[in-house]
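Undergrad: Hey, dropping start-v7.cif in here, mmCIF, C-alpha atoms:
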```cif
data_upload
loop_
_atom_site.label_atom_id
_atom_site.label_comp_id
_atom_site.auth_asym_id
_atom_site.auth_seq_id
_atom_site.Cartn_x
_atom_site.Cartn_y
_atom_site.Cartn_z
CA ALA A 92 7.18 -7.81 6.12
CA PHE A 93 4.59 -5.75 7.93
CA VAL A 94 3.91 -2.47 6.11
CA PRO A 95 1.54 -0.26 8.12
CA VAL A 96 -1.01 1.91 6.35
CA MET A 97 0.02 4.91 8.39
CA LEU A 98 -2.30 7.20 10.31
CA THR A 99 -1.91 10.98 10.34
CA PRO A 100 -2.04 12.54 13.82
CA TYR A 101 -3.75 15.90 14.15
CA LYS A 102 -3.67 18.71 16.69
CA ALA A 103 -6.89 20.01 18.29
CA ASN A 104 -6.95 22.88 15.73
CA LYS A 105 -7.06 20.32 12.86
CA THR A 106 -3.51 20.94 11.64
CA VAL A 107 -1.23 17.95 11.08
CA ASP A 108 0.85 17.05 14.15
CA TYR A 109 4.23 16.42 12.51
CA LYS A 110 5.95 15.86 15.84
CA GLY A 111 3.30 13.23 16.62
CA LEU A 112 3.83 11.69 13.16
CA LYS A 113 7.53 11.19 13.94
CA LYS A 114 6.62 9.50 17.24
CA LEU A 115 4.03 7.32 15.48
CA THR A 116 6.62 6.31 12.86
CA ASP A 117 8.97 5.23 15.69
CA TYR A 118 6.10 3.27 17.29
CA TYR A 119 5.55 1.31 14.06
CA LEU A 120 9.30 0.67 13.85
CA GLU A 121 9.44 -0.63 17.42
CA SER A 122 6.42 -2.83 16.69
CA GLY A 123 8.30 -4.61 13.89
CA ALA A 124 7.30 -2.68 10.75
CA ARG A 125 9.77 -3.23 7.91
CA GLY A 126 8.20 -0.90 5.36
CA PHE A 127 5.89 2.11 5.48
CA PHE A 128 2.91 3.29 3.42
CA ALA A 129 2.60 7.03 4.02
CA ASN A 130 -0.09 9.21 2.44
CA CYS A 131 -2.62 6.41 2.06
CA LEU A 132 -6.36 6.23 2.79
CA SER A 133 -5.68 5.63 6.51
CA SER A 134 -3.55 8.81 6.42
CA GLU A 135 -6.65 10.80 5.33
CA MET A 136 -5.00 11.39 1.94
CA TYR A 137 -8.20 12.75 0.39
CA ASP A 138 -8.53 15.31 3.20
CA LEU A 139 -4.91 16.51 3.06
CA SER A 140 -3.88 19.44 0.87
CA PRO A 141 -1.25 18.70 -1.81
CA GLU A 142 1.32 20.45 0.41
CA GLU A 143 0.33 18.34 3.43
CA ARG A 144 0.54 15.12 1.38
CA LEU A 145 4.11 16.03 0.46
CA LYS A 146 5.10 17.12 3.97
CA VAL A 147 3.55 14.02 5.61
CA THR A 148 5.47 11.81 3.17
CA SER A 149 8.80 13.66 3.54
CA THR A 150 8.46 13.61 7.36
CA VAL A 151 8.17 9.80 7.30
CA VAL A 152 11.03 9.43 4.77
CA LYS A 153 13.32 11.55 6.95
CA GLN A 154 12.33 9.72 10.14
CA ILE A 155 13.01 6.29 8.58
CA ASP A 156 16.29 7.61 7.13
CA GLY A 157 16.82 4.80 4.64
CA ARG A 158 16.44 1.94 7.13
CA PHE A 159 13.38 0.48 5.39
CA PRO A 160 11.36 1.23 2.24
CA VAL A 161 8.69 3.94 2.22
CA VAL A 162 5.92 4.24 -0.39
CA ALA A 163 3.27 6.94 -0.81
CA THR A 164 0.32 7.68 -3.09
CA GLY A 165 1.00 10.02 -5.97
CA SER A 166 -1.79 9.59 -8.56
CA PHE A 167 -3.76 12.74 -7.71
CA GLY A 168 -5.10 14.97 -10.47
CA ASN A 169 -7.76 15.00 -13.18
CA THR A 170 -5.45 14.40 -16.16
CA ALA A 171 -2.47 12.16 -16.85
CA ARG A 172 -0.25 15.27 -16.81
CA GLU A 173 -1.54 16.38 -13.39
CA LYS A 174 -1.12 12.86 -11.96
CA ALA A 175 2.40 12.67 -13.40
CA ASP A 176 3.36 16.08 -12.01
CA PHE A 177 2.27 15.17 -8.49
CA THR A 178 3.90 11.73 -8.80
CA LYS A 179 7.22 13.45 -9.53
CA LYS A 180 6.81 15.64 -6.45
CA ILE A 181 6.12 12.59 -4.26
CA ALA A 182 9.11 10.81 -5.84
CA ASP A 183 11.28 13.81 -4.96
CA THR A 184 10.56 13.28 -1.23
CA GLY A 185 12.80 10.18 -1.47
CA VAL A 186 10.18 7.41 -1.40
CA ASP A 187 11.12 4.00 -2.80
CA ALA A 188 8.00 3.82 -4.98
CA VAL A 189 5.00 5.98 -5.84
CA ILE A 190 1.61 4.31 -5.42
CA MET A 191 -1.10 4.48 -8.08
CA ILE A 192 -4.71 4.17 -6.88
CA THR A 193 -6.27 1.67 -9.30
CA SER A 194 -9.59 3.56 -9.47
CA HIS A 195 -7.80 6.79 -10.47
CA PHE A 196 -7.14 5.42 -13.97
CA ALA A 197 -10.62 4.50 -15.21
CA GLU A 198 -14.24 5.19 -14.33
CA LYS A 199 -16.21 2.37 -12.72
CA GLU A 200 -17.99 1.46 -15.97
CA GLU A 201 -14.87 1.74 -18.17
CA SER A 202 -13.00 -1.30 -19.46
CA ASP A 203 -9.49 -2.55 -18.70
CA ASP A 204 -8.47 -1.39 -22.19
CA VAL A 205 -9.33 2.19 -21.19
CA MET A 206 -7.41 1.76 -17.95
CA ILE A 207 -4.32 0.43 -19.77
CA LYS A 208 -4.46 3.34 -22.25
CA ASN A 209 -4.61 5.84 -19.35
CA LEU A 210 -1.80 4.05 -17.52
CA GLU A 211 0.35 4.08 -20.67
CA GLU A 212 0.04 7.86 -20.94
CA TYR A 213 0.76 8.39 -17.23
CA MET A 214 3.75 6.03 -17.27
CA SER A 215 5.26 7.72 -20.31
CA LEU A 216 5.21 10.98 -18.29
CA THR A 217 6.80 9.43 -15.17
CA GLU A 218 9.63 7.48 -16.81
CA GLY A 219 11.99 5.67 -14.45
CA ILE A 220 9.97 6.16 -11.26
CA PRO A 221 9.31 2.83 -9.46
CA LEU A 222 5.57 2.33 -9.03
CA GLY A 223 3.07 0.46 -6.90
CA THR A 224 -0.66 -0.20 -6.98
CA TYR A 225 -3.33 0.00 -4.30
CA GLU A 226 -6.89 -1.28 -4.75
CA CYS A 227 -8.21 1.57 -2.60
CA PRO A 228 -11.95 1.44 -1.76
CA SER A 229 -12.29 5.15 -2.64
CA PRO A 230 -13.41 6.64 -5.01
CA TYR A 231 -14.47 3.05 -5.78
CA LYS A 232 -12.72 -0.29 -5.42
CA ARG A 233 -11.16 -1.49 -8.70
CA ILE A 234 -9.54 -4.91 -8.37
CA LEU A 235 -6.53 -5.33 -10.67
CA SER A 236 -7.40 -7.66 -13.53
CA GLU A 237 -4.86 -10.12 -14.91
CA SER A 238 -4.48 -8.11 -18.15
CA VAL A 239 -3.76 -4.85 -16.29
CA LEU A 240 -1.36 -6.59 -13.90
CA GLU A 241 0.49 -8.20 -16.84
CA PHE A 242 0.74 -4.81 -18.57
CA LEU A 243 2.22 -3.20 -15.45
CA LEU A 244 4.64 -6.08 -14.82
CA LYS A 245 5.96 -5.83 -18.40
CA SER A 246 7.10 -2.27 -17.68
CA GLY A 247 9.52 -3.62 -15.05
CA ARG A 248 8.54 -0.68 -12.80
CA LEU A 249 5.91 -2.34 -10.59
CA VAL A 250 7.48 -3.12 -7.21
CA TYR A 251 4.56 -2.97 -4.76
CA HIS A 252 0.92 -4.04 -4.69
CA LYS A 253 -1.54 -3.56 -1.82
CA ASP A 254 -4.34 -6.03 -2.39
CA THR A 255 -7.89 -5.54 -1.13
CA SER A 256 -9.65 -8.25 -3.14
CA GLU A 257 -10.37 -10.25 0.06
CA ASP A 258 -10.43 -13.31 -2.20
CA ILE A 259 -7.73 -15.97 -1.80
CA ASP A 260 -8.30 -17.34 -5.33
CA ASN A 261 -7.77 -13.86 -6.80
CA ILE A 262 -4.70 -13.41 -4.58
CA LEU A 263 -3.17 -16.74 -5.65
CA GLN A 264 -3.77 -15.88 -9.32
CA LYS A 265 -1.99 -12.53 -8.91
CA LEU A 266 0.91 -14.15 -7.04
CA ASP A 267 1.25 -16.69 -9.85
CA THR A 268 1.16 -13.97 -12.55
CA ALA A 269 3.82 -11.94 -10.70
CA ARG A 270 6.14 -14.87 -9.91
CA GLY A 271 9.71 -14.11 -10.99
CA SER A 272 9.10 -10.35 -11.12
CA LYS A 273 10.26 -7.78 -8.56
CA LEU A 274 6.71 -7.16 -7.36
CA GLY A 275 6.17 -7.27 -3.60
CA PHE A 276 2.61 -8.39 -2.82
CA TYR A 277 1.05 -7.01 0.39
CA ASN A 278 -2.32 -8.32 1.52
CA ALA A 279 -4.73 -5.96 3.30
CA HIS A 280 -7.11 -8.77 4.26
CA ILE A 281 -6.63 -10.49 7.62
CA GLY A 282 -8.85 -13.46 6.69
CA SER A 283 -6.36 -14.63 4.04
CA ALA A 284 -3.19 -13.31 5.72
CA ALA A 285 -1.35 -16.57 6.45
CA ALA A 286 -2.41 -18.13 3.13
CA SER A 287 -1.08 -15.21 1.10
CA LEU A 288 2.22 -15.21 3.03
CA ARG A 289 2.65 -18.97 2.59
CA ASN A 290 2.10 -18.67 -1.17
CA GLY A 291 4.71 -16.03 -1.94
CA GLY A 292 3.23 -12.82 -0.55
CA ALA A 293 5.87 -10.31 0.56
CA GLY A 294 3.89 -9.17 3.58
CA LEU A 295 0.76 -7.70 5.13
CA SER A 296 -0.61 -4.17 5.06
CA PRO A 297 -3.93 -4.30 6.96
CA ILE A 298 -5.76 -1.61 8.92
CA ALA A 299 -5.40 -4.01 11.90
CA GLY A 300 -1.71 -3.05 11.90
CA ASN A 301 -2.80 0.17 13.60
CA TYR A 302 -4.41 -1.75 16.47
CA TYR A 303 -2.07 -4.67 17.16
CA PRO A 304 1.02 -4.15 14.99
CA GLU A 305 3.25 -6.53 16.98
CA VAL A 306 0.85 -9.40 16.20
CA ILE A 307 0.86 -8.61 12.46
CA SER A 308 4.68 -8.38 12.52
CA TRP A 309 4.91 -11.78 14.22
CA LEU A 310 2.58 -13.34 11.64
CA CYS A 311 4.67 -11.94 8.76
CA LYS A 312 7.84 -13.31 10.32
CA ASN A 313 6.54 -16.80 11.14
CA ALA A 314 3.81 -17.73 8.62
CA GLY A 315 6.26 -19.71 6.48
CA ASP A 316 7.94 -21.57 9.37
CA PRO A 317 6.78 -25.23 9.42
CA GLU A 318 7.68 -25.49 13.11
CA LYS A 319 5.31 -22.62 13.93
CA LYS A 320 2.42 -23.93 11.79
CA GLU A 321 0.16 -24.75 14.73
CA GLN A 322 0.68 -21.32 16.35
CA VAL A 323 0.20 -19.51 13.04
CA ASP A 324 -3.02 -21.42 12.30
CA TRP A 325 -4.34 -20.66 15.80
CA LEU A 326 -3.46 -16.98 15.39
CA GLN A 327 -5.02 -16.82 11.93
CA GLU A 328 -8.28 -18.29 13.23
CA ASN A 329 -8.43 -15.81 16.12
CA LEU A 330 -7.43 -12.80 14.03
CA THR A 331 -10.23 -13.65 11.56
CA ALA A 332 -12.69 -13.76 14.47
CA MET A 333 -11.26 -10.48 15.83
CA GLU A 334 -11.80 -8.75 12.48
#
```
If you convert what's in this file into structure tokens, what do you get?
TA:
Amino acid sequence: AFVPVMLTPYKANKTVDYKGLKKLTDYYLESGARGFFANCLSSEMYDLSPEERLKVTSTVVKQIDGRFPVVATGSFGNTAREKADFTKKIADTGVDAVIMITSHFAEKEESDDVMIKNLEEYMSLTEGIPLGTYECPSPYKRILSESVLEFLLKSGRLVYHKDTSEDIDNILQKLDTARGSKLGFYNAHIGSAAASLRNGGAGLSPIAGNYYPEVISWLCKNAGDPEKKEQVDWLQENLTAME
């Protein structure tokens, strides 16, 4: 499935254009999107106020009206308690999962053990809420290690992962680790799009989905079809060049 990393439209006075956001949501739908990532980096999440993050997310949830899943980032705050409190508020908008930014749970120089300890505390404060992960490039890009992924999968709460490793070997390893779980794996990297889909990926979530969403939707739908292999390979080659 194609899951757009949604943009946030603004008015000339720099306030969020919620009417425009509804129209944009419909545009993604018409272009073949079958899931939605609201309040992400492409949505200017770091420049939105907490109230705007919630209103942007609830606007999308209401516009989709249960037709397809919606996820949104919730791991804002300096402490586990603050992150958990905001996660609950995002969950209350009606999203299907709350996204954790991987680099929100450990400093760049800190180990995976520190990250797991911080995740444990946060997860104990957000019991029952379905979660997702996003290897967001900001504040820094932290690629999910196998040990952290295994820890999260054991909880049974991890349902979504947006991957930015841009490394097919890393992607294949994660897909193998997650096999049999309820994790949906969404690749942000166009260069490995078809390969990730053909090896068990649930879909694509690239920035390119804001430029030519119909093409990304078509690739998601047809990457696994042996009869379309030649077309998919041609498209993959040209999308890689386009990027």
Undergrad: If we count all atoms listed in the file, what is near Arg158 (chain A) at a cut-off of 10 Å, once residues fewer than 5 positions away on the same chain are taken out, given as a list in words?
TA: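 Near neighbours after the sequence-gap exclusion: Leu120, Arg125, Gly126 and Val152 of chain A.
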Undergrad: Hey, can you spit out that residue selection with C-alpha atoms as a PDB file, in the coordinates of the input?
TA:
```
ATOM      1  CA  LEU A 120       9.300   0.670  13.850  1.00  0.00           C
ATOM      2  CA  ARG A 125       9.770  -3.230   7.910  1.00  0.00           C
ATOM      3  CA  GLY A 126       8.200  -0.900   5.360  1.00  0.00           C
ATOM      4  CA  VAL A 152      11.030   9.430   4.770  1.00  0.00           C
TER       5      VAL A 152
END
```
Undergrad: Give me the result of the PyMOL selection byres ((chain A and resi 104-112) around 9) on this file, residue by residue, as a ChimeraX atom specification.
TA: /A:98-103,113-117,139,143,146-147,150-151
Undergrad: How many Å separate CA of Phe242 (chain A) from CA of Lys179 (chain A)?
TA: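 According to the coordinates, CA of Phe242 (chain A) and CA of Lys179 (chain A) are separated by 21.4 Å.
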Undergrad: Going by the chain IDs and residue numbers used in this file, which residues fall under the PyMOL selection byres ((chain A and resi 197) around 12)? Write them as a list in words.
TA: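 Selected by the PyMOL selection byres ((chain A and resi 197) around 12) here: Asn169, Thr170, Ala171, Met191, Ile192, Thr193, Ser194, His195, Phe196, Glu198, Lys199, Glu200, Glu201, Ser202, Asp203, Asp204, Val205, Met206, Ile207, Lys208, Asn209, Leu210, Pro230, Tyr231, Lys232, Arg233, Ile234, Leu235 and Val239 of chain A.
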Undergrad: So, with all atoms listed in the file as the atoms that count, which of A:Phe128, A:Phe177, A:Tyr213, A:Phe93 lies closest to Leu288 (chain A)?
TA: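 Counting all atoms listed in the file, the residue closest to Leu288 (chain A) is A:Phe93.
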Undergrad: For Phe159 (chain A), which residue among A:Leu132, A:Cys311, A:Ala175, A:Val186 is the nearest when counting all atoms listed in the file?
TA: A:Val186
Undergrad: For CA of Arg172 (chain A) and CA of Gly157 (chain A), determine how far apart the two atoms are, in Å to one decimal place.
TA: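 About the pair CA of Arg172 (chain A) and CA of Gly157 (chain A): they are 29.3 Å apart.
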Undergrad: What's the separation between CA of Arg144 (chain A) and CA of Ala188 (chain A), in Å to one decimal place?
TA: 15.0 Å
Undergrad: Using only C-alpha atoms, find all polymer residues with an atom at most 10 Å away from the point (4.4, 10.6, -3.0); report them as a ChimeraX atom specification.
TA: /A:128-131,141,144-149,161-167,177-191
Undergrad: Choose the residue, out of A:Gln322, A:Asn313, A:Ser283, A:Ser272, that has the smallest atom-to-atom separation from Thr255 (chain A); count all atoms listed in the file.
TA: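 For Thr255 (chain A), the nearest of the given residues is A:Ser283.
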Undergrad: Measuring between only C-alpha atoms, which one of A:Thr217, A:Ser256, A:Ser308, A:Asn261 shows the shortest distance to Glu173 (chain A)?
TA: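 The answer is A:Thr217, which sits nearest to Glu173 (chain A).
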Undergrad: Which residue is closest to Glu241 (chain A)? Choose from A:His280, A:Lys265, A:Lys273, A:Lys174 and count all atoms listed in the file.
TA: A:Lys265
Undergrad: Give me the result of the PyMOL selection byres ((chain A and resi 278) around 12) on this file, residue by residue, as a count of residues only.
TA: 49
Undergrad: Kindly list the centre and edge lengths in Å, rounded to one decimal, for the axis-aligned box that covers all listed atoms of region 231-234 of chain A plus 3 Å on each of its six sides, as AutoDock Vina command-line options.
TA:
```
--center_x -12.0 --center_y -0.9 --center_z -7.1 --size_x 10.9 --size_y 14.0 --size_z 9.3
```
Undergrad: Output region 310-323 of chain A as a PDB file, in the coordinates of the input, making sure N, CA, C and O atoms are there.
TA:
```pdb
ATOM      1  N   LEU A 310       3.173 -12.480  12.676  1.00  0.00           N
ATOM      2  CA  LEU A 310       2.580 -13.340  11.640  1.00  0.00           C
ATOM      3  C   LEU A 310       3.410 -13.289  10.355  1.00  0.00           C
ATOM      4  O   LEU A 310       3.690 -14.326   9.742  1.00  0.00           O
ATOM      5  N   CYS A 311       3.829 -12.085   9.963  1.00  0.00           N
ATOM      6  CA  CYS A 311       4.670 -11.940   8.760  1.00  0.00           C
ATOM      7  C   CYS A 311       5.967 -12.726   8.892  1.00  0.00           C
ATOM      8  O   CYS A 311       6.429 -13.364   7.942  1.00  0.00           O
ATOM      9  N   LYS A 312       6.539 -12.671  10.074  1.00  0.00           N
ATOM     10  CA  LYS A 312       7.840 -13.310  10.320  1.00  0.00           C
ATOM     11  C   LYS A 312       7.738 -14.837  10.359  1.00  0.00           C
ATOM     12  O   LYS A 312       8.667 -15.543   9.963  1.00  0.00           O
ATOM     13  N   ASN A 313       6.611 -15.370  10.830  1.00  0.00           N
ATOM     14  CA  ASN A 313       6.540 -16.800  11.140  1.00  0.00           C
ATOM     15  C   ASN A 313       5.583 -17.637  10.287  1.00  0.00           C
ATOM     16  O   ASN A 313       5.552 -18.860  10.436  1.00  0.00           O
ATOM     17  N   ALA A 314       4.819 -16.991   9.400  1.00  0.00           N
ATOM     18  CA  ALA A 314       3.810 -17.730   8.620  1.00  0.00           C
ATOM     19  C   ALA A 314       4.414 -18.875   7.803  1.00  0.00           C
ATOM     20  O   ALA A 314       3.778 -19.922   7.622  1.00  0.00           O
ATOM     21  N   GLY A 315       5.641 -18.685   7.320  1.00  0.00           N
ATOM     22  CA  GLY A 315       6.260 -19.710   6.480  1.00  0.00           C
ATOM     23  C   GLY A 315       7.082 -20.740   7.221  1.00  0.00           C
ATOM     24  O   GLY A 315       7.681 -21.629   6.608  1.00  0.00           O
ATOM     25  N   ASP A 316       7.120 -20.666   8.559  1.00  0.00           N
ATOM     26  CA  ASP A 316       7.940 -21.570   9.370  1.00  0.00           C
ATOM     27  C   ASP A 316       7.135 -22.830   9.706  1.00  0.00           C
ATOM     28  O   ASP A 316       6.166 -22.756  10.468  1.00  0.00           O
ATOM     29  N   PRO A 317       7.532 -23.995   9.161  1.00  0.00           N
ATOM     30  CA  PRO A 317       6.780 -25.230   9.420  1.00  0.00           C
ATOM     31  C   PRO A 317       6.669 -25.555  10.917  1.00  0.00           C
ATOM     32  O   PRO A 317       5.658 -26.094  11.363  1.00  0.00           O
ATOM     33  N   GLU A 318       7.688 -25.194  11.676  1.00  0.00           N
ATOM     34  CA  GLU A 318       7.680 -25.490  13.110  1.00  0.00           C
ATOM     35  C   GLU A 318       6.675 -24.627  13.893  1.00  0.00           C
ATOM     36  O   GLU A 318       6.288 -24.963  15.002  1.00  0.00           O
ATOM     37  N   LYS A 319       6.267 -23.522  13.260  1.00  0.00           N
ATOM     38  CA  LYS A 319       5.310 -22.620  13.930  1.00  0.00           C
ATOM     39  C   LYS A 319       3.899 -22.768  13.340  1.00  0.00           C
ATOM     40  O   LYS A 319       3.029 -21.938  13.618  1.00  0.00           O
ATOM     41  N   LYS A 320       3.695 -23.809  12.515  1.00  0.00           N
ATOM     42  CA  LYS A 320       2.420 -23.930  11.790  1.00  0.00           C
ATOM     43  C   LYS A 320       1.210 -23.900  12.731  1.00  0.00           C
ATOM     44  O   LYS A 320       0.221 -23.200  12.491  1.00  0.00           O
ATOM     45  N   GLU A 321       1.302 -24.662  13.812  1.00  0.00           N
ATOM     46  CA  GLU A 321       0.160 -24.750  14.730  1.00  0.00           C
ATOM     47  C   GLU A 321      -0.167 -23.378  15.345  1.00  0.00           C
ATOM     48  O   GLU A 321      -1.331 -22.976  15.423  1.00  0.00           O
ATOM     49  N   GLN A 322       0.881 -22.647  15.756  1.00  0.00           N
ATOM     50  CA  GLN A 322       0.680 -21.320  16.350  1.00  0.00           C
ATOM     51  C   GLN A 322       0.110 -20.333  15.323  1.00  0.00           C
ATOM     52  O   GLN A 322      -0.795 -19.551  15.628  1.00  0.00           O
ATOM     53  N   VAL A 323       0.659 -20.404  14.102  1.00  0.00           N
ATOM     54  CA  VAL A 323       0.200 -19.510  13.040  1.00  0.00           C
ATOM     55  C   VAL A 323      -1.273 -19.783  12.720  1.00  0.00           C
ATOM     56  O   VAL A 323      -2.082 -18.851  12.585  1.00  0.00           O
TER      57      VAL A 323
END
```
